[in-house]
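What's in input-v6.pdb: PDB, C-alpha atoms and all ligand atoms
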ATOM      1  CA  MET A 165     -47.927   0.609  14.490  1.00  0.00           C
ATOM      2  CA  THR A 166     -45.137  -0.583  16.733  1.00  0.00           C
ATOM      3  CA  GLU A 167     -44.972  -3.713  14.620  1.00  0.00           C
ATOM      4  CA  GLU A 168     -44.324  -1.620  11.488  1.00  0.00           C
ATOM      5  CA  LEU A 169     -41.569   0.317  13.172  1.00  0.00           C
ATOM      6  CA  HIS A 170     -39.979  -2.945  14.123  1.00  0.00           C
ATOM      7  CA  ASP A 171     -39.950  -4.159  10.541  1.00  0.00           C
ATOM      8  CA  GLU A 172     -37.755  -1.308   9.389  1.00  0.00           C
ATOM      9  CA  TYR A 173     -34.956  -2.763  11.444  1.00  0.00           C
ATOM     10  CA  GLN A 174     -33.183  -5.825  10.119  1.00  0.00           C
ATOM     11  CA  VAL A 175     -30.386  -7.745  11.717  1.00  0.00           C
ATOM     12  CA  CYS A 176     -26.872  -7.721  10.298  1.00  0.00           C
ATOM     13  CA  TYR A 177     -26.296 -10.845   8.193  1.00  0.00           C
ATOM     14  CA  ARG A 178     -23.025 -11.470  10.006  1.00  0.00           C
ATOM     15  CA  HIS A 179     -24.132 -10.377  13.457  1.00  0.00           C
ATOM     16  CA  PRO A 180     -27.674 -11.669  14.122  1.00  0.00           C
ATOM     17  CA  ASP A 181     -27.731  -9.878  17.487  1.00  0.00           C
ATOM     18  CA  ARG A 182     -27.334  -6.424  15.931  1.00  0.00           C
ATOM     19  CA  LYS A 183     -30.243  -4.400  14.575  1.00  0.00           C
ATOM     20  CA  THR A 184     -29.506  -2.122  11.691  1.00  0.00           C
ATOM     21  CA  LEU A 185     -31.089   0.124   9.074  1.00  0.00           C
ATOM     22  CA  LEU A 186     -28.085  -0.032   6.738  1.00  0.00           C
ATOM     23  CA  ARG A 187     -28.037  -2.221   3.675  1.00  0.00           C
ATOM     24  CA  CYS A 188     -25.287  -3.140   1.243  1.00  0.00           C
ATOM     25  CA  ASN A 189     -26.003  -1.204  -1.947  1.00  0.00           C
ATOM     26  CA  LYS A 190     -24.893  -4.131  -4.103  1.00  0.00           C
ATOM     27  CA  CYS A 191     -26.379  -7.298  -2.604  1.00  0.00           C
ATOM     28  CA  ASN A 192     -28.953  -5.457  -0.456  1.00  0.00           C
ATOM     29  CA  ARG A 193     -28.224  -7.512   2.650  1.00  0.00           C
ATOM     30  CA  PRO A 194     -28.610  -5.707   5.995  1.00  0.00           C
ATOM     31  CA  ILE A 195     -25.266  -4.768   7.517  1.00  0.00           C
ATOM     32  CA  CYS A 196     -24.268  -3.287  10.866  1.00  0.00           C
ATOM     33  CA  LEU A 197     -21.933  -0.293  11.117  1.00  0.00           C
ATOM     34  CA  GLU A 198     -18.944  -2.535  11.752  1.00  0.00           C
ATOM     35  CA  CYS A 199     -19.600  -4.594   8.621  1.00  0.00           C
ATOM     36  CA  ALA A 200     -20.280  -1.600   6.394  1.00  0.00           C
ATOM     37  CA  VAL A 201     -17.490  -0.291   4.193  1.00  0.00           C
ATOM     38  CA  GLN A 202     -17.946   3.172   2.762  1.00  0.00           C
ATOM     39  CA  THR A 203     -17.277   3.409  -0.970  1.00  0.00           C
ATOM     40  CA  PRO A 204     -17.691   6.357  -3.354  1.00  0.00           C
ATOM     41  CA  THR A 205     -21.074   4.899  -4.334  1.00  0.00           C
ATOM     42  CA  GLY A 206     -22.348   4.121  -0.819  1.00  0.00           C
ATOM     43  CA  TYR A 207     -22.104   1.433   1.860  1.00  0.00           C
ATOM     44  CA  ARG A 208     -21.133  -2.085   0.877  1.00  0.00           C
ATOM     45  CA  CYS A 209     -20.724  -5.319   2.796  1.00  0.00           C
ATOM     46  CA  LYS A 210     -17.276  -6.836   3.168  1.00  0.00           C
ATOM     47  CA  ASP A 211     -18.106  -9.787   0.899  1.00  0.00           C
ATOM     48  CA  CYS A 212     -19.039  -7.524  -1.999  1.00  0.00           C
ATOM     49  CA  ILE A 213     -15.838  -5.503  -1.485  1.00  0.00           C
ATOM     50  CA  LYS A 214     -13.785  -8.698  -1.511  1.00  0.00           C
ATOM     51  CA  ASN A 215     -15.443 -10.002  -4.678  1.00  0.00           C
ATOM     52  CA  GLN A 216     -14.898  -6.675  -6.366  1.00  0.00           C
ATOM     53  CA  GLN A 217     -11.213  -6.772  -5.451  1.00  0.00           C
ATOM     54  CA  LYS A 218     -10.849 -10.230  -7.016  1.00  0.00           C
ATOM     55  CA  ILE A 219     -11.960  -8.855 -10.386  1.00  0.00           C
ATOM     56  CA  PHE A 220      -9.171  -6.281 -10.187  1.00  0.00           C
ATOM     57  CA  ASP A 221      -6.558  -8.851  -9.163  1.00  0.00           C
ATOM     58  CA  THR A 222      -5.300 -10.170 -12.478  1.00  0.00           C
ATOM     59  CA  ALA A 223      -1.590 -10.676 -11.729  1.00  0.00           C
ATOM     60  CA  GLU A 224      -0.192 -14.192 -12.110  1.00  0.00           C
ATOM     61  CA  THR A 225       2.419 -15.851  -9.923  1.00  0.00           C
ATOM     62  CA  LYS A 226       5.192 -15.239 -12.462  1.00  0.00           C
ATOM     63  CA  ASP A 227       4.291 -11.524 -12.447  1.00  0.00           C
ATOM     64  CA  LEU A 228       5.173 -11.393  -8.763  1.00  0.00           C
ATOM     65  CA  LEU A 229       8.633 -12.777  -9.531  1.00  0.00           C
ATOM     66  CA  ILE A 230       9.187 -10.482 -12.533  1.00  0.00           C
ATOM     67  CA  GLY A 231       7.940  -7.418 -10.633  1.00  0.00           C
ATOM     68  CA  GLY A 232      10.024  -8.308  -7.593  1.00  0.00           C
ATOM     69  CA  VAL A 233      13.256  -8.700  -9.576  1.00  0.00           C
ATOM     70  CA  ILE A 234      12.753  -5.454 -11.541  1.00  0.00           C
ATOM     71  CA  ALA A 235      11.925  -3.497  -8.393  1.00  0.00           C
ATOM     72  CA  PHE A 236      14.883  -4.949  -6.497  1.00  0.00           C
ATOM     73  CA  VAL A 237      17.434  -4.190  -9.254  1.00  0.00           C
ATOM     74  CA  LEU A 238      16.160  -0.667  -9.998  1.00  0.00           C
ATOM     75  CA  GLY A 239      15.725   0.152  -6.298  1.00  0.00           C
ATOM     76  CA  LEU A 240      19.314  -0.954  -5.668  1.00  0.00           C
ATOM     77  CA  ALA A 241      20.680   0.955  -8.690  1.00  0.00           C
ATOM     78  CA  GLY A 242      18.791   4.118  -7.700  1.00  0.00           C
ATOM     79  CA  SER A 243      20.114   3.890  -4.172  1.00  0.00           C
ATOM     80  CA  TYR A 244      23.733   3.740  -5.424  1.00  0.00           C
ATOM     81  CA  ILE A 245      23.161   6.592  -7.875  1.00  0.00           C
ATOM     82  CA  GLU A 246      21.554   8.736  -5.170  1.00  0.00           C
ATOM     83  CA  GLN A 247      24.601   8.331  -2.959  1.00  0.00           C
ATOM     84  CA  LEU A 248      26.878   9.495  -5.791  1.00  0.00           C
ATOM     85  CA  ILE A 249      24.993  12.765  -6.335  1.00  0.00           C
ATOM     86  CA  PRO A 250      26.821  15.591  -4.571  1.00  0.00           C
ATOM     87  CA  LEU A 251      23.640  17.417  -3.535  1.00  0.00           C
ATOM     88  CA  PHE A 252      22.155  17.902  -0.096  1.00  0.00           C
ATOM     89  CA  SER A 253      21.391  14.324   0.794  1.00  0.00           C
ATOM     90  CA  PHE A 254      17.725  14.907   1.625  1.00  0.00           C
ATOM     91  CA  LEU A 255      17.088  16.779  -1.625  1.00  0.00           C
ATOM     92  CA  SER A 256      18.673  14.183  -3.872  1.00  0.00           C
ATOM     93  CA  ALA A 257      16.947  11.446  -1.868  1.00  0.00           C
ATOM     94  CA  LEU A 258      13.578  13.082  -2.541  1.00  0.00           C
ATOM     95  CA  ILE A 259      14.225  13.554  -6.250  1.00  0.00           C
ATOM     96  CA  VAL A 260      15.923  10.245  -7.017  1.00  0.00           C
ATOM     97  CA  GLY A 261      13.522   8.298  -4.772  1.00  0.00           C
ATOM     98  CA  GLY A 262      10.490   9.795  -6.527  1.00  0.00           C
ATOM     99  CA  VAL A 263      11.864   9.389 -10.045  1.00  0.00           C
ATOM    100  CA  CYS A 264      13.099   5.867  -9.398  1.00  0.00           C
ATOM    101  CA  GLY A 265       9.733   4.903  -7.853  1.00  0.00           C
ATOM    102  CA  LYS A 266       7.850   6.094 -10.938  1.00  0.00           C
ATOM    103  CA  LEU A 267      10.383   4.335 -13.172  1.00  0.00           C
ATOM    104  CA  ILE A 268       9.937   1.040 -11.313  1.00  0.00           C
ATOM    105  CA  CYS A 269       6.132   1.265 -11.633  1.00  0.00           C
ATOM    106  CA  THR A 270       6.336   1.949 -15.375  1.00  0.00           C
ATOM    107  CA  ALA A 271       8.859  -0.857 -15.924  1.00  0.00           C
ATOM    108  CA  VAL A 272       6.876  -3.389 -13.865  1.00  0.00           C
ATOM    109  CA  ARG A 273       3.587  -2.442 -15.543  1.00  0.00           C
ATOM    110  CA  ARG A 274       5.122  -3.025 -18.975  1.00  0.00           C
ATOM    111  CA  ALA A 275       6.829  -6.265 -17.980  1.00  0.00           C
ATOM    112  CA  VAL A 276       3.666  -7.822 -16.522  1.00  0.00           C
ATOM    113  CA  ASN A 277       1.496  -6.573 -19.377  1.00  0.00           C
ATOM    114  CA  LYS A 278      -0.480  -4.238 -17.069  1.00  0.00           C
ATOM    115  CA  ARG A 279      -1.746  -7.103 -14.936  1.00  0.00           C
ATOM    116  CA  ARG A 280      -2.191  -6.050 -11.346  1.00  0.00           C
ATOM    117  CA  SER A 281      -3.036  -7.111  -7.807  1.00  0.00           C
ATOM    118  CA  GLN A 282      -2.565  -5.915  -4.281  1.00  0.00           C
ATOM    119  CA  THR A 283      -0.051  -8.722  -3.736  1.00  0.00           C
ATOM    120  CA  LEU A 284       1.947  -7.495  -6.721  1.00  0.00           C
ATOM    121  CA  SER A 285       1.957  -3.936  -5.341  1.00  0.00           C
ATOM    122  CA  LEU A 286       3.150  -5.244  -1.998  1.00  0.00           C
ATOM    123  CA  VAL A 287       5.880  -7.438  -3.551  1.00  0.00           C
ATOM    124  CA  VAL A 288       7.148  -4.527  -5.669  1.00  0.00           C
ATOM    125  CA  VAL A 289       7.247  -2.134  -2.698  1.00  0.00           C
ATOM    126  CA  ILE A 290       9.089  -4.631  -0.482  1.00  0.00           C
ATOM    127  CA  ALA A 291      11.571  -5.683  -3.206  1.00  0.00           C
ATOM    128  CA  ALA A 292      12.353  -2.048  -4.071  1.00  0.00           C
ATOM    129  CA  GLY A 293      12.717  -1.205  -0.374  1.00  0.00           C
ATOM    130  CA  VAL A 294      15.094  -4.102   0.278  1.00  0.00           C
ATOM    131  CA  GLY A 295      17.143  -3.252  -2.839  1.00  0.00           C
ATOM    132  CA  GLY A 296      17.287   0.410  -1.850  1.00  0.00           C
ATOM    133  CA  LEU A 297      18.278  -0.457   1.684  1.00  0.00           C
ATOM    134  CA  ILE A 298      21.362  -2.534   0.821  1.00  0.00           C
ATOM    135  CA  PRO A 299      23.690   0.385  -0.118  1.00  0.00           C
ATOM    136  CA  ARG A 300      22.605   2.150   3.112  1.00  0.00           C
ATOM    137  CA  LEU A 301      23.490  -0.646   5.501  1.00  0.00           C
ATOM    138  CA  THR A 302      27.110   0.351   6.115  1.00  0.00           C
ATOM    139  CA  GLY A 303      26.108   3.969   6.692  1.00  0.00           C
ATOM    140  CA  LEU A 304      23.301   2.958   9.029  1.00  0.00           C
ATOM    141  CA  ARG A 305      25.641   0.750  11.043  1.00  0.00           C
ATOM    142  CA  ILE A 306      28.105   3.599  11.454  1.00  0.00           C
ATOM    143  CA  ILE A 307      25.323   5.989  12.492  1.00  0.00           C
ATOM    144  CA  TRP A 308      24.005   3.455  14.946  1.00  0.00           C
ATOM    145  CA  ILE A 309      27.389   2.878  16.569  1.00  0.00           C
ATOM    146  CA  TYR A 310      28.478   6.535  16.767  1.00  0.00           C
ATOM    147  CA  TYR A 311      25.193   8.295  17.498  1.00  0.00           C
ATOM    148  CA  VAL A 312      22.729   5.855  19.020  1.00  0.00           C
ATOM    149  CA  GLY A 313      25.385   3.660  20.594  1.00  0.00           C
ATOM    150  CA  ALA A 314      26.986   6.714  22.160  1.00  0.00           C
ATOM    151  CA  GLY A 315      23.681   7.763  23.700  1.00  0.00           C
ATOM    152  CA  MET A 316      22.882  10.582  21.261  1.00  0.00           C
ATOM    153  CA  ALA A 317      19.636   8.856  20.444  1.00  0.00           C
ATOM    154  CA  LEU A 318      17.629  11.766  19.047  1.00  0.00           C
ATOM    155  CA  SER A 319      20.361  13.015  16.747  1.00  0.00           C
ATOM    156  CA  GLY A 320      21.055   9.411  15.745  1.00  0.00           C
ATOM    157  CA  LEU A 321      17.412   8.875  14.866  1.00  0.00           C
ATOM    158  CA  THR A 322      17.379  11.972  12.635  1.00  0.00           C
ATOM    159  CA  GLN A 323      20.524  10.745  10.891  1.00  0.00           C
ATOM    160  CA  ILE A 324      18.969   7.345  10.331  1.00  0.00           C
ATOM    161  CA  LEU A 325      15.788   8.897   8.916  1.00  0.00           C
ATOM    162  CA  VAL A 326      17.806  11.120   6.578  1.00  0.00           C
ATOM    163  CA  SER A 327      19.828   8.200   5.278  1.00  0.00           C
ATOM    164  CA  LEU A 328      16.644   6.152   4.924  1.00  0.00           C
ATOM    165  CA  LEU A 329      14.852   8.984   3.129  1.00  0.00           C
ATOM    166  CA  TYR A 330      15.555   7.571  -0.319  1.00  0.00           C
ATOM    167  CA  VAL A 331      14.028   4.219   0.645  1.00  0.00           C
ATOM    168  CA  ILE A 332      11.023   5.879   2.304  1.00  0.00           C
ATOM    169  CA  VAL A 333      10.313   8.159  -0.682  1.00  0.00           C
ATOM    170  CA  LEU A 334      10.826   5.231  -3.065  1.00  0.00           C
ATOM    171  CA  CYS A 335       8.388   2.949  -1.237  1.00  0.00           C
ATOM    172  CA  VAL A 336       5.720   5.632  -0.734  1.00  0.00           C
ATOM    173  CA  THR A 337       5.885   6.654  -4.413  1.00  0.00           C
ATOM    174  CA  ILE A 338       5.518   3.060  -5.587  1.00  0.00           C
ATOM    175  CA  TRP A 339       2.752   2.276  -3.106  1.00  0.00           C
ATOM    176  CA  MET A 340       0.714   5.302  -4.167  1.00  0.00           C
ATOM    177  CA  ASP A 341       1.309   4.711  -7.861  1.00  0.00           C
ATOM    178  CA  MET A 342       0.565   0.981  -7.761  1.00  0.00           C
ATOM    179  CA  ASN A 343      -2.574   1.424  -5.683  1.00  0.00           C
ATOM    180  CA  GLY A 344      -3.803   4.232  -7.911  1.00  0.00           C
ATOM    181  CA  MET A 345      -3.392   1.693 -10.658  1.00  0.00           C
ATOM    182  CA  VAL A 346      -5.422  -0.915  -8.773  1.00  0.00           C
ATOM    183  CA  PHE A 347      -8.384   1.335  -8.066  1.00  0.00           C
ATOM    184  CA  ARG A 348      -8.353   3.320 -11.311  1.00  0.00           C
ATOM    185  CA  ARG A 349     -10.570   1.968 -14.031  1.00  0.00           C
TER     186      ARG A 349
HETATM  187 ZN    ZN B 401     -23.001  -6.852  -0.354  1.00  0.00          ZN
HETATM  188 ZN    ZN B 402     -22.210  -6.926  11.344  1.00  0.00          ZN
END
Spell out the structure here as structure tokens.
Ligand SMILES: [Zn+2]
Ligand SMILES: [Zn+2]
Amino acid sequence: MTEELHDEYQVCYRHPDRKTLLRCNKCNRPICLECAVQTPTGYRCKDCIKNQQKIFDTAETKDLLIGGVIAFVLGLAGSYIEQLIPLFSFLSALIVGGVCGKLICTAVRRAVNKRRSQTLSLVVVIAAGVGGLIPRLTGLRIIWIYYVGAGMALSGLTQILVSLLYVIVLCVTIWMDMNGMVFRR
């Protein structure tokens, strides 16, 4: 009786010292809570998750370069355009950042023939962020000197966030869009 009860417990395949009742629903190996990753279809081991990700990762090295250049140029252009719009800065930053983010994703997707990978998403986000940041640098320096430098730290921080809003909205939009693309199928 006790022997039977014992058999229900297996040890985690990565942690032989840990008893567990969980199993990966793909490879059926026993996994402990730390090794289990919850997916929409149940618990999976980290190896199965990694293998699954590799199938989705189809982007080639040249795609990273193409995606990076497109994102940098469009992110930079959008940042300049946003500064020219005579609207409340936070409103135009939200609109232009969102639109430009979507535009970059569409352009990159077309240019790389819909190939995708997490690295590509990351490269595109960083390149767009760096491009978008360049037109802000002078403004940020001025804010830093006059607000933060003068000890008005809180007000300075708000100013910095407002002037970075375009870049933040841009990066978040791209990240969400690109990752939606990775997991959608
Ligand atoms: Zn597994
Ligand atoms: Zn484990």
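Distances here use only C-alpha atoms; by that measure, the residue among A:Cys188, A:Cys269, A:Leu334, A:Leu240 closest to Leu284 of chain A is A:Cys269.
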Provide an axis-aligned box for all listed atoms of segment 204-207 of chain A, padding each side by 6 Å; report its centre and its edge lengths in Å to one decimal, as JSON.
{"center_x": -20.0, "center_y": 3.9, "center_z": -1.2, "size_x": 16.7, "size_y": 16.9, "size_z": 18.2}
Inset, instruction - Might you pull out every residue within 12 Å of Val288 of chain A, with all atoms listed in the file counted and same-chain residues fewer than 5 positions away left off, and present them as a PyMOL selection string? - result: chain A and resi 227-239+265-266+268-273+276+280-283+293-296+334-343
Inset, instruction - Kindly compile the residues surrounding ligand ZN 401 (chain B) within 6 Å, counting only C-alpha atoms and all ligand atoms, and format them as a PyMOL selection string. - result: chain A and resi 188+190-191+208-209+211-212
Go ahead and write the selection's residues with C-alpha atoms as a PDB file, in the frame of the given file.
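What follows is the written file again-v7.pdb:
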ATOM      1  CA  CYS A 188     -25.287  -3.140   1.243  1.00  0.00           C
ATOM      2  CA  LYS A 190     -24.893  -4.131  -4.103  1.00  0.00           C
ATOM      3  CA  CYS A 191     -26.379  -7.298  -2.604  1.00  0.00           C
ATOM      4  CA  ARG A 208     -21.133  -2.085   0.877  1.00  0.00           C
ATOM      5  CA  CYS A 209     -20.724  -5.319   2.796  1.00  0.00           C
ATOM      6  CA  ASP A 211     -18.106  -9.787   0.899  1.00  0.00           C
ATOM      7  CA  CYS A 212     -19.039  -7.524  -1.999  1.00  0.00           C
TER       8      CYS A 212
END
Inset, instruction - Counting only C-alpha atoms, note down every residue that has an atom within 12 Å of the point (-23.7, -6.2, 11.3) (file coordinates), as a VMD selection string. - result: chain A and resid 173 to 188 193 to 201 208 to 210
Inset, instruction - Pull out every residue that the PyMOL selection byres (((chain A and resi 254) around 9) and not hetatm) matches in the shown coordinates and put them as number ranges by chain. - result: A: 251-253, 255-259, 326-327, 329-330
Legend entry - Interatomic distance, atom CA of Thr225 of chain A to atom CA of Tyr244 of chain A (Å, one decimal): 29.3 Å
Legend entry - Interatomic distance (Å, one decimal) between atom CA of Gly206 of chain A and atom CA of Ser285 of chain A: 26.0 Å
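As for atom CA of Gly344 of chain A and atom CA of Val331 of chain A, they are spaced 19.8 Å apart.
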Inset, instruction - Name the residues, using the chain letters and numbers of the file, that sit within 9 Å of (25.2, 9.0, -0.3) when counting all atoms listed in the file, and give them as a VMD selection string. - result: chain A and resid 243 to 250 253 257 299 to 300 303 327
Starting from the incomplete input, reconstruct all heavy atoms of segment 175-186 of chain A and report them as a short mmCIF file (atom, residue, chain, number, x, y, z; two decimals), in the frame of the given file.
data_model
loop_
_atom_site.label_atom_id
_atom_site.label_comp_id
_atom_site.auth_asym_id
_atom_site.auth_seq_id
_atom_site.Cartn_x
_atom_site.Cartn_y
_atom_site.Cartn_z
N VAL A 175 -31.61 -7.43 10.98
CA VAL A 175 -30.39 -7.74 11.72
C VAL A 175 -29.26 -7.94 10.71
O VAL A 175 -29.47 -8.41 9.59
CB VAL A 175 -30.53 -9.00 12.61
CG1 VAL A 175 -31.43 -8.70 13.79
CG2 VAL A 175 -31.04 -10.17 11.82
N CYS A 176 -28.05 -7.57 11.14
CA CYS A 176 -26.87 -7.72 10.30
C CYS A 176 -26.71 -9.18 9.89
O CYS A 176 -26.90 -10.07 10.71
CB CYS A 176 -25.64 -7.26 11.07
SG CYS A 176 -24.10 -7.63 10.25
N TYR A 177 -26.39 -9.45 8.64
CA TYR A 177 -26.30 -10.84 8.19
C TYR A 177 -25.11 -11.59 8.81
O TYR A 177 -25.07 -12.80 8.79
CB TYR A 177 -26.26 -10.93 6.66
CG TYR A 177 -24.93 -10.63 6.01
CD1 TYR A 177 -24.07 -11.65 5.65
CD2 TYR A 177 -24.54 -9.32 5.79
CE1 TYR A 177 -22.85 -11.38 5.06
CE2 TYR A 177 -23.33 -9.04 5.21
CZ TYR A 177 -22.48 -10.06 4.85
OH TYR A 177 -21.27 -9.78 4.28
N ARG A 178 -24.16 -10.82 9.33
CA ARG A 178 -23.02 -11.47 10.01
C ARG A 178 -23.15 -11.43 11.52
O ARG A 178 -22.49 -12.18 12.22
CB ARG A 178 -21.71 -10.79 9.58
CG ARG A 178 -21.23 -11.30 8.24
CD ARG A 178 -20.28 -10.31 7.61
NE ARG A 178 -19.14 -10.04 8.46
CZ ARG A 178 -17.90 -9.93 8.00
NH1 ARG A 178 -17.66 -10.10 6.73
NH2 ARG A 178 -16.92 -9.66 8.81
N HIS A 179 -23.94 -10.51 12.01
CA HIS A 179 -24.13 -10.38 13.46
C HIS A 179 -25.63 -10.38 13.75
O HIS A 179 -26.24 -9.32 13.78
CB HIS A 179 -23.51 -9.08 13.97
CG HIS A 179 -22.04 -8.96 13.70
ND1 HIS A 179 -21.54 -8.26 12.63
CD2 HIS A 179 -20.98 -9.49 14.36
CE1 HIS A 179 -20.21 -8.35 12.65
NE2 HIS A 179 -19.85 -9.08 13.67
N PRO A 180 -26.22 -11.57 13.95
CA PRO A 180 -27.67 -11.67 14.12
C PRO A 180 -28.18 -10.93 15.37
O PRO A 180 -29.38 -10.71 15.50
CB PRO A 180 -27.91 -13.18 14.27
CG PRO A 180 -26.66 -13.82 13.76
CD PRO A 180 -25.55 -12.86 14.00
N ASP A 181 -27.29 -10.56 16.27
CA ASP A 181 -27.73 -9.88 17.49
C ASP A 181 -27.76 -8.36 17.30
O ASP A 181 -28.11 -7.64 18.22
CB ASP A 181 -26.81 -10.26 18.65
CG ASP A 181 -25.35 -9.95 18.35
OD1 ASP A 181 -24.91 -10.18 17.19
OD2 ASP A 181 -24.65 -9.47 19.26
N ARG A 182 -27.40 -7.88 16.13
CA ARG A 182 -27.33 -6.42 15.93
C ARG A 182 -28.41 -5.94 14.97
O ARG A 182 -28.45 -6.37 13.82
CB ARG A 182 -25.96 -6.02 15.38
CG ARG A 182 -24.85 -6.26 16.37
CD ARG A 182 -23.58 -5.72 15.84
NE ARG A 182 -22.44 -6.27 16.58
CZ ARG A 182 -21.18 -6.16 16.21
NH1 ARG A 182 -20.88 -5.53 15.08
NH2 ARG A 182 -20.22 -6.68 16.94
N LYS A 183 -29.23 -5.00 15.44
CA LYS A 183 -30.24 -4.40 14.58
C LYS A 183 -29.60 -3.31 13.74
O LYS A 183 -28.70 -2.61 14.20
CB LYS A 183 -31.33 -3.78 15.43
CG LYS A 183 -32.32 -4.78 15.98
CD LYS A 183 -33.37 -4.03 16.77
CE LYS A 183 -34.37 -4.97 17.39
NZ LYS A 183 -35.29 -4.22 18.27
N THR A 184 -30.07 -3.16 12.53
CA THR A 184 -29.51 -2.12 11.69
C THR A 184 -30.49 -1.64 10.63
O THR A 184 -31.43 -2.36 10.26
CB THR A 184 -28.22 -2.63 11.00
OG1 THR A 184 -27.71 -1.57 10.20
CG2 THR A 184 -28.50 -3.85 10.12
N LEU A 185 -30.29 -0.43 10.17
CA LEU A 185 -31.09 0.12 9.07
C LEU A 185 -30.29 0.15 7.78
O LEU A 185 -30.82 0.38 6.70
CB LEU A 185 -31.53 1.55 9.41
CG LEU A 185 -32.73 1.68 10.36
CD1 LEU A 185 -32.88 3.11 10.82
CD2 LEU A 185 -34.00 1.20 9.67
N LEU A 186 -28.97 -0.10 7.91
CA LEU A 186 -28.08 -0.03 6.74
C LEU A 186 -28.23 -1.28 5.88
O LEU A 186 -28.45 -2.37 6.39
CB LEU A 186 -26.63 0.05 7.20
CG LEU A 186 -26.02 1.41 7.51
CD1 LEU A 186 -24.58 1.21 7.92
CD2 LEU A 186 -26.10 2.30 6.30
#
